[in-house]
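Taking it in order: structure first as structure tokens, then the write-up.
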Amino acid sequence: MEIDKNIIKLMLPLPFRLDYINCYLLRGKEGWDIIDSGLNYPPALAAWEKFFKLYNIRYTDINNIYLTHYHPDHYGTAGWLQALTGASVHIHRAENAQVEQLWKKGRLNFPLVGDMFNEHGMPATLTTEVVDNLSEILANVQPHPILSFLDGGEEIEIGLRLFKILHTPGHSDGHLCFFCEAEGLLISGDHILPHITSNIGLWPTSHSNPLEHYLTSLEMTGCLEVKKVLPGHGNVFNDCAGRVDQLIRHHRQRLVSIADMAANGSTAHKICELLFGEDLKLHELRFAMAETLAHLAYLESRGKVISKREGEVIIYRKV
Ligand SMILES: [Zn+2]
């Protein structure tokens, strides 16, 4: 799908309830740049090959691949694409730690997710299933690309346009958005999505207060003069500031509900069940639990709840 004659949106399939990820291809003077790569599994690779044929693009026409963040649906195919095209792959420096610890040493470190969920009240049988399910993703993030690092603040020509690289931590510690100020064009990755709220999760390897980072990043992007947002999932949309307001409101309301759920003392897992129900697929449960923990960490940092180990588990109580 053409956004304009120099930007193409390519929707790559995903084997999840969230069934597509958007990659963007920007035509330059000589060749193309890509933003985000898809999950490495056969239907996505077939979609890339079909796309290259359709637009008559040679592999060597690809100059740079920029990744908004390290999550499998954005990072997964970057190594395959790099091997094919010889393109440089760029990501925020902070994402390298996640790539190293999760995608390269996942079998060592995924059990830490299980331990964390356990001490927050999830039964051990369930955490084992969650960790096993998480391990399945390792096949979808290989081969690994050689990475070049961005810090945020750079101005880079991507395609024919000049983009400012914005560091927007929250959804991941090193999340990047790409902003073309001259045209008010924001390529937003998973920082701002039109139809769903991005997962903001606390993980053993993440920053200890990701929701605080996220709300700060939203305040920043809400002030930009944006005319068009090209998101990582869903349709292109225009009202960036309006969507930012909705997202901030959503999290503020959720913080109030979660604090109330902790009125008489509760584990994070109990609160997670109350919030998201019990009928979740394993990967959805993983995100739901990490999201609940991120909100509780924010509430605790603001003195609204207090956590205390009681026996085997950690109990949160509204202050
Ligand atoms: Zn993501």
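Residue numbers start at 1 in each chain; chains themselves are named A, B, ... in the order of the structure tokens; ligands are numbered from 1 in the order shown.
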
Residues of chain A that approach ligand 1 to 7 Å or less, counting only C-alpha atoms and all ligand atoms: could you list each one with the shortest pair of atoms and its distance in Å to one decimal, rows by chain and increasing residue number, as JSON lines?
{"residue": "A:His69", "atom": "CA", "partner": "ligand 1", "partner_atom_place_in_ligand_line": "1 (Zn)", "distance": 6.7}
{"residue": "A:His71", "atom": "CA", "partner": "ligand 1", "partner_atom_place_in_ligand_line": "1 (Zn)", "distance": 5.0}
{"residue": "A:His171", "atom": "CA", "partner": "ligand 1", "partner_atom_place_in_ligand_line": "1 (Zn)", "distance": 6.5}
{"residue": "A:Asp190", "atom": "CA", "partner": "ligand 1", "partner_atom_place_in_ligand_line": "1 (Zn)", "distance": 5.3}

To test your reading of the structure, identify every residue in stretch 66-283 of chain A that backbone DSSP assigns to strand (DSSP E), and report it as a VMD selection string. chain A and resid 66 88 to 92 147 to 150 155 to 158 161 to 167 176 to 180 185 to 189 228 to 231

Could you give me, as a PyMOL selection string, the residues within 12 Å of A:Lys304, counting only C-alpha atoms and dropping anything in the same chain fewer than 2 positions from it? chain A and resi 255-260+262-263+295-302+306-307+316-319

Give me the stretch 202-306 of chain A side of the contact with stretch 21-42 of chain A, cut-off 8 Å, one line per residue showing its nearest atom pair and distance in Å at one decimal, counting only C-alpha atoms, sorted by chain and residue number, as JSON lines.
{"residue": "A:Pro231", "atom": "CA", "partner": "A:Asn22", "partner_atom": "CA", "distance": 7.1}
{"residue": "A:Gly232", "atom": "CA", "partner": "A:Asn22", "partner_atom": "CA", "distance": 5.0}
{"residue": "A:His233", "atom": "CA", "partner": "A:Ile21", "partner_atom": "CA", "distance": 5.1}
{"residue": "A:Gly234", "atom": "CA", "partner": "A:Asn22", "partner_atom": "CA", "distance": 7.6}

Write the selection just made, keeping N, CA, C and O atoms, as a compact mmCIF listing (two decimals), in the first residue's frame?
# COMPACT_ATOMS: atom_id res chain seq x y z
N PRO A 231 1.87 4.03 12.07
CA PRO A 231 2.11 3.19 13.24
C PRO A 231 2.64 1.79 12.88
O PRO A 231 2.56 1.37 11.72
N GLY A 232 3.13 1.08 13.90
CA GLY A 232 3.64 -0.28 13.72
C GLY A 232 2.55 -1.32 13.50
O GLY A 232 2.81 -2.39 12.97
N HIS A 233 1.34 -1.01 13.96
CA HIS A 233 0.19 -1.89 13.74
C HIS A 233 -1.02 -1.00 13.47
O HIS A 233 -1.16 0.04 14.09
N GLY A 234 -1.90 -1.45 12.57
CA GLY A 234 -3.13 -0.68 12.31
C GLY A 234 -2.94 0.38 11.24
O GLY A 234 -1.91 0.45 10.56

Residues within 12 Å of A:Gly242, please, as a PDB file with all heavy atoms, in the first residue's frame. Count only C-alpha atoms; anything in the same chain fewer than 3 positions from it doesn't count.
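In the end it all went to selection.pdb:
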ATOM      1  N   ILE A 192       2.863   4.732  19.689  1.00  0.00           N
ATOM      2  CA  ILE A 192       1.462   5.182  19.613  1.00  0.00           C
ATOM      3  C   ILE A 192       0.777   4.347  18.537  1.00  0.00           C
ATOM      4  O   ILE A 192       1.189   4.376  17.379  1.00  0.00           O
ATOM      5  CB  ILE A 192       1.356   6.667  19.209  1.00  0.00           C
ATOM      6  CG1 ILE A 192       2.192   7.531  20.145  1.00  0.00           C
ATOM      7  CG2 ILE A 192      -0.095   7.124  19.246  1.00  0.00           C
ATOM      8  CD1 ILE A 192       2.231   8.985  19.712  1.00  0.00           C
ATOM      9  N   LEU A 193      -0.247   3.621  18.923  1.00  0.00           N
ATOM     10  CA  LEU A 193      -1.008   2.805  17.982  1.00  0.00           C
ATOM     11  C   LEU A 193      -2.441   3.320  17.953  1.00  0.00           C
ATOM     12  O   LEU A 193      -2.950   3.814  18.960  1.00  0.00           O
ATOM     13  CB  LEU A 193      -0.981   1.331  18.418  1.00  0.00           C
ATOM     14  CG  LEU A 193       0.408   0.683  18.484  1.00  0.00           C
ATOM     15  CD1 LEU A 193       0.322  -0.701  19.116  1.00  0.00           C
ATOM     16  CD2 LEU A 193       1.026   0.587  17.097  1.00  0.00           C
ATOM     17  N   PRO A 194      -3.125   3.191  16.821  1.00  0.00           N
ATOM     18  CA  PRO A 194      -4.452   3.798  16.705  1.00  0.00           C
ATOM     19  C   PRO A 194      -5.579   3.041  17.412  1.00  0.00           C
ATOM     20  O   PRO A 194      -6.477   3.646  17.975  1.00  0.00           O
ATOM     21  CB  PRO A 194      -4.693   3.827  15.192  1.00  0.00           C
ATOM     22  CG  PRO A 194      -3.829   2.754  14.630  1.00  0.00           C
ATOM     23  CD  PRO A 194      -2.634   2.670  15.536  1.00  0.00           C
ATOM     24  N   LEU A 218       5.066  10.042  26.009  1.00  0.00           N
ATOM     25  CA  LEU A 218       3.795  10.483  25.412  1.00  0.00           C
ATOM     26  C   LEU A 218       3.644  11.999  25.495  1.00  0.00           C
ATOM     27  O   LEU A 218       3.200  12.644  24.543  1.00  0.00           O
ATOM     28  CB  LEU A 218       2.606   9.809  26.116  1.00  0.00           C
ATOM     29  CG  LEU A 218       2.287   8.363  25.746  1.00  0.00           C
ATOM     30  CD1 LEU A 218       1.120   7.857  26.597  1.00  0.00           C
ATOM     31  CD2 LEU A 218       1.962   8.202  24.260  1.00  0.00           C
ATOM     32  N   GLU A 219       4.023  12.566  26.654  1.00  0.00           N
ATOM     33  CA  GLU A 219       3.948  14.034  26.808  1.00  0.00           C
ATOM     34  C   GLU A 219       4.774  14.700  25.707  1.00  0.00           C
ATOM     35  O   GLU A 219       4.370  15.694  25.117  1.00  0.00           O
ATOM     36  CB  GLU A 219       4.507  14.482  28.169  1.00  0.00           C
ATOM     37  CG  GLU A 219       3.732  13.992  29.384  1.00  0.00           C
ATOM     38  CD  GLU A 219       2.435  14.747  29.633  1.00  0.00           C
ATOM     39  OE1 GLU A 219       2.158  15.723  28.908  1.00  0.00           O
ATOM     40  OE2 GLU A 219       1.691  14.344  30.554  1.00  0.00           O
ATOM     41  N   THR A 221       5.757  13.397  22.668  1.00  0.00           N
ATOM     42  CA  THR A 221       5.227  13.231  21.308  1.00  0.00           C
ATOM     43  C   THR A 221       3.903  13.991  21.141  1.00  0.00           C
ATOM     44  O   THR A 221       3.587  14.436  20.038  1.00  0.00           O
ATOM     45  CB  THR A 221       5.012  11.745  20.943  1.00  0.00           C
ATOM     46  OG1 THR A 221       4.635  11.031  22.095  1.00  0.00           O
ATOM     47  CG2 THR A 221       6.258  11.129  20.369  1.00  0.00           C
ATOM     48  N   GLY A 222       3.162  14.155  22.231  1.00  0.00           N
ATOM     49  CA  GLY A 222       1.893  14.886  22.175  1.00  0.00           C
ATOM     50  C   GLY A 222       2.092  16.351  21.801  1.00  0.00           C
ATOM     51  O   GLY A 222       1.168  17.011  21.332  1.00  0.00           O
ATOM     52  N   CYS A 223       3.296  16.873  22.027  1.00  0.00           N
ATOM     53  CA  CYS A 223       3.576  18.296  21.729  1.00  0.00           C
ATOM     54  C   CYS A 223       4.128  18.507  20.323  1.00  0.00           C
ATOM     55  O   CYS A 223       4.327  19.647  19.901  1.00  0.00           O
ATOM     56  CB  CYS A 223       4.587  18.853  22.728  1.00  0.00           C
ATOM     57  SG  CYS A 223       3.958  18.895  24.393  1.00  0.00           S
ATOM     58  N   LEU A 224       4.418  17.452  19.606  1.00  0.00           N
ATOM     59  CA  LEU A 224       4.986  17.603  18.260  1.00  0.00           C
ATOM     60  C   LEU A 224       3.900  18.036  17.273  1.00  0.00           C
ATOM     61  O   LEU A 224       2.722  17.702  17.456  1.00  0.00           O
ATOM     62  CB  LEU A 224       5.576  16.268  17.769  1.00  0.00           C
ATOM     63  CG  LEU A 224       6.714  15.657  18.573  1.00  0.00           C
ATOM     64  CD1 LEU A 224       7.028  14.255  18.038  1.00  0.00           C
ATOM     65  CD2 LEU A 224       7.946  16.540  18.523  1.00  0.00           C
ATOM     66  N   VAL A 226       2.375  17.062  14.501  1.00  0.00           N
ATOM     67  CA  VAL A 226       2.254  15.869  13.655  1.00  0.00           C
ATOM     68  C   VAL A 226       1.017  15.997  12.778  1.00  0.00           C
ATOM     69  O   VAL A 226      -0.064  16.363  13.261  1.00  0.00           O
ATOM     70  CB  VAL A 226       2.150  14.602  14.538  1.00  0.00           C
ATOM     71  CG1 VAL A 226       1.925  13.371  13.684  1.00  0.00           C
ATOM     72  CG2 VAL A 226       3.405  14.435  15.385  1.00  0.00           C
ATOM     73  N   LYS A 227       1.183  15.679  11.512  1.00  0.00           N
ATOM     74  CA  LYS A 227       0.021  15.682  10.606  1.00  0.00           C
ATOM     75  C   LYS A 227      -0.414  14.261  10.275  1.00  0.00           C
ATOM     76  O   LYS A 227      -1.565  13.994   9.965  1.00  0.00           O
ATOM     77  CB  LYS A 227       0.364  16.421   9.316  1.00  0.00           C
ATOM     78  CG  LYS A 227       0.641  17.895   9.527  1.00  0.00           C
ATOM     79  CD  LYS A 227       0.473  18.668   8.214  1.00  0.00           C
ATOM     80  CE  LYS A 227       0.755  20.146   8.388  1.00  0.00           C
ATOM     81  NZ  LYS A 227       2.160  20.491   8.147  1.00  0.00           N
ATOM     82  N   VAL A 229       0.448   9.978  11.300  1.00  0.00           N
ATOM     83  CA  VAL A 229       1.193   8.964  12.064  1.00  0.00           C
ATOM     84  C   VAL A 229       1.171   7.653  11.290  1.00  0.00           C
ATOM     85  O   VAL A 229       0.110   7.169  10.881  1.00  0.00           O
ATOM     86  CB  VAL A 229       0.560   8.733  13.463  1.00  0.00           C
ATOM     87  CG1 VAL A 229       1.409   7.744  14.274  1.00  0.00           C
ATOM     88  CG2 VAL A 229       0.409  10.045  14.217  1.00  0.00           C
ATOM     89  N   PHE A 237      -3.034   7.320  10.765  1.00  0.00           N
ATOM     90  CA  PHE A 237      -4.032   8.235  11.302  1.00  0.00           C
ATOM     91  C   PHE A 237      -3.431   9.630  11.466  1.00  0.00           C
ATOM     92  O   PHE A 237      -2.215   9.810  11.327  1.00  0.00           O
ATOM     93  CB  PHE A 237      -4.631   7.710  12.617  1.00  0.00           C
ATOM     94  CG  PHE A 237      -3.646   7.585  13.751  1.00  0.00           C
ATOM     95  CD1 PHE A 237      -3.577   8.557  14.747  1.00  0.00           C
ATOM     96  CD2 PHE A 237      -2.799   6.490  13.842  1.00  0.00           C
ATOM     97  CE1 PHE A 237      -2.680   8.439  15.807  1.00  0.00           C
ATOM     98  CE2 PHE A 237      -1.893   6.372  14.884  1.00  0.00           C
ATOM     99  CZ  PHE A 237      -1.833   7.338  15.875  1.00  0.00           C
ATOM    100  N   ASN A 238      -4.293  10.608  11.762  1.00  0.00           N
ATOM    101  CA  ASN A 238      -3.855  12.008  11.739  1.00  0.00           C
ATOM    102  C   ASN A 238      -3.753  12.668  13.112  1.00  0.00           C
ATOM    103  O   ASN A 238      -2.862  13.462  13.355  1.00  0.00           O
ATOM    104  CB  ASN A 238      -4.818  12.841  10.871  1.00  0.00           C
ATOM    105  CG  ASN A 238      -4.907  12.260   9.474  1.00  0.00           C
ATOM    106  OD1 ASN A 238      -5.944  11.739   9.075  1.00  0.00           O
ATOM    107  ND2 ASN A 238      -3.810  12.293   8.744  1.00  0.00           N
ATOM    108  N   ASP A 239      -4.688  12.329  13.995  1.00  0.00           N
ATOM    109  CA  ASP A 239      -4.779  13.097  15.247  1.00  0.00           C
ATOM    110  C   ASP A 239      -3.857  12.501  16.315  1.00  0.00           C
ATOM    111  O   ASP A 239      -4.297  11.797  17.222  1.00  0.00           O
ATOM    112  CB  ASP A 239      -6.234  13.112  15.728  1.00  0.00           C
ATOM    113  CG  ASP A 239      -6.406  14.010  16.941  1.00  0.00           C
ATOM    114  OD1 ASP A 239      -5.444  14.738  17.292  1.00  0.00           O
ATOM    115  OD2 ASP A 239      -7.491  13.979  17.550  1.00  0.00           O
ATOM    116  N   ASP A 245      -3.657  11.958  24.213  1.00  0.00           N
ATOM    117  CA  ASP A 245      -4.547  12.274  25.342  1.00  0.00           C
ATOM    118  C   ASP A 245      -5.316  11.034  25.790  1.00  0.00           C
ATOM    119  O   ASP A 245      -5.429  10.751  26.979  1.00  0.00           O
ATOM    120  CB  ASP A 245      -5.569  13.357  24.947  1.00  0.00           C
ATOM    121  CG  ASP A 245      -4.926  14.731  24.948  1.00  0.00           C
ATOM    122  OD1 ASP A 245      -3.805  14.857  25.467  1.00  0.00           O
ATOM    123  OD2 ASP A 245      -5.544  15.670  24.404  1.00  0.00           O
ATOM    124  N   GLN A 246      -5.864  10.310  24.792  1.00  0.00           N
ATOM    125  CA  GLN A 246      -6.617   9.083  25.131  1.00  0.00           C
ATOM    126  C   GLN A 246      -5.742   8.086  25.877  1.00  0.00           C
ATOM    127  O   GLN A 246      -6.173   7.469  26.846  1.00  0.00           O
ATOM    128  CB  GLN A 246      -7.098   8.386  23.853  1.00  0.00           C
ATOM    129  CG  GLN A 246      -8.292   9.021  23.195  1.00  0.00           C
ATOM    130  CD  GLN A 246      -8.622   8.325  21.861  1.00  0.00           C
ATOM    131  OE1 GLN A 246      -7.927   7.401  21.436  1.00  0.00           O
ATOM    132  NE2 GLN A 246      -9.668   8.768  21.209  1.00  0.00           N
ATOM    133  N   LEU A 247      -4.500   7.924  25.407  1.00  0.00           N
ATOM    134  CA  LEU A 247      -3.610   6.927  26.003  1.00  0.00           C
ATOM    135  C   LEU A 247      -3.234   7.317  27.428  1.00  0.00           C
ATOM    136  O   LEU A 247      -3.216   6.479  28.331  1.00  0.00           O
ATOM    137  CB  LEU A 247      -2.349   6.749  25.137  1.00  0.00           C
ATOM    138  CG  LEU A 247      -2.586   6.087  23.780  1.00  0.00           C
ATOM    139  CD1 LEU A 247      -1.354   6.210  22.889  1.00  0.00           C
ATOM    140  CD2 LEU A 247      -2.977   4.614  23.944  1.00  0.00           C
ATOM    141  N   ILE A 248      -2.966   8.607  27.630  1.00  0.00           N
ATOM    142  CA  ILE A 248      -2.618   9.060  28.985  1.00  0.00           C
ATOM    143  C   ILE A 248      -3.819   8.845  29.910  1.00  0.00           C
ATOM    144  O   ILE A 248      -3.685   8.327  31.022  1.00  0.00           O
ATOM    145  CB  ILE A 248      -2.159  10.546  28.974  1.00  0.00           C
ATOM    146  CG1 ILE A 248      -0.809  10.650  28.241  1.00  0.00           C
ATOM    147  CG2 ILE A 248      -2.044  11.098  30.397  1.00  0.00           C
ATOM    148  CD1 ILE A 248      -0.283  12.070  28.056  1.00  0.00           C
ATOM    149  N   ARG A 249      -5.013   9.188  29.414  1.00  0.00           N
ATOM    150  CA  ARG A 249      -6.231   8.992  30.219  1.00  0.00           C
ATOM    151  C   ARG A 249      -6.416   7.511  30.571  1.00  0.00           C
ATOM    152  O   ARG A 249      -6.727   7.161  31.694  1.00  0.00           O
ATOM    153  CB  ARG A 249      -7.452   9.517  29.457  1.00  0.00           C
ATOM    154  CG  ARG A 249      -8.324  10.418  30.316  1.00  0.00           C
ATOM    155  CD  ARG A 249      -9.485  11.027  29.537  1.00  0.00           C
ATOM    156  NE  ARG A 249      -9.055  11.782  28.377  1.00  0.00           N
ATOM    157  CZ  ARG A 249      -9.559  11.621  27.139  1.00  0.00           C
ATOM    158  NH1 ARG A 249     -10.490  10.722  26.892  1.00  0.00           N
ATOM    159  NH2 ARG A 249      -9.117  12.362  26.141  1.00  0.00           N
TER     160      ARG A 249
END

Please compute the atom CA of A:Leu282-atom CA of A:Asn133 distance, one decimal, in Å. 6.8 Å

Counting only C-alpha atoms, the residue among A:Thr205, A:Thr125, A:Asn96, A:Thr68 that lies closest to A:Phe179 is A:Thr68

What's the 12 Å shell around A:Arg161, counting only C-alpha atoms, without same-chain residues fewer than 2 positions away, as number ranges by chain? A: 6-7, 26-29, 32-33, 155-159, 163-164, 178-186

Write out as JSON, numbers by chain each polymer residue whose atoms come within 9 Å of A:His144, counting only C-alpha atoms; drop sequence neighbours fewer than 6 positions from it. {"A": [75, 76, 77, 78, 79, 80, 99, 103, 104]}

Hey, can you check how far atom CA of A:Ile271 sits from atom CA of A:Leu202? 14.8 Å

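Nearest residue to A:Arg286 among A:Leu215, A:Thr128, A:Ile187, A:Glu312 is A:Thr128, counting only C-alpha atoms.
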
Name the residues of stretch 13-246 of chain A that fall into alpha helix (DSSP H) according to DSSP on the backbone, using the chain letters and numbers of this document, as a PyMOL selection string. chain A and resi 42-54+72-75+78-85+95-98+106-119+124-135+210-222+240-246

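Straight-line separation from atom CA of A:Met220 to atom CA of A:Arg243: 13.0 Å.
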
Measuring atom to atom with only C-alpha atoms, identify which of A:Ile165, A:Ile62, A:Leu293, A:Cys272 is nearest to A:Leu150. A:Ile165

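If only C-alpha atoms are the atoms counted, then among A:Met1, A:Val130, A:Cys240, A:Leu10 the closest residue to A:Ser188 is A:Cys240.
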
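Using only C-alpha atoms for every distance, the candidate list A:Gly189, A:Gly121, A:Pro169, A:Gly152 yields A:Pro169 as the residue closest to A:Ser206.
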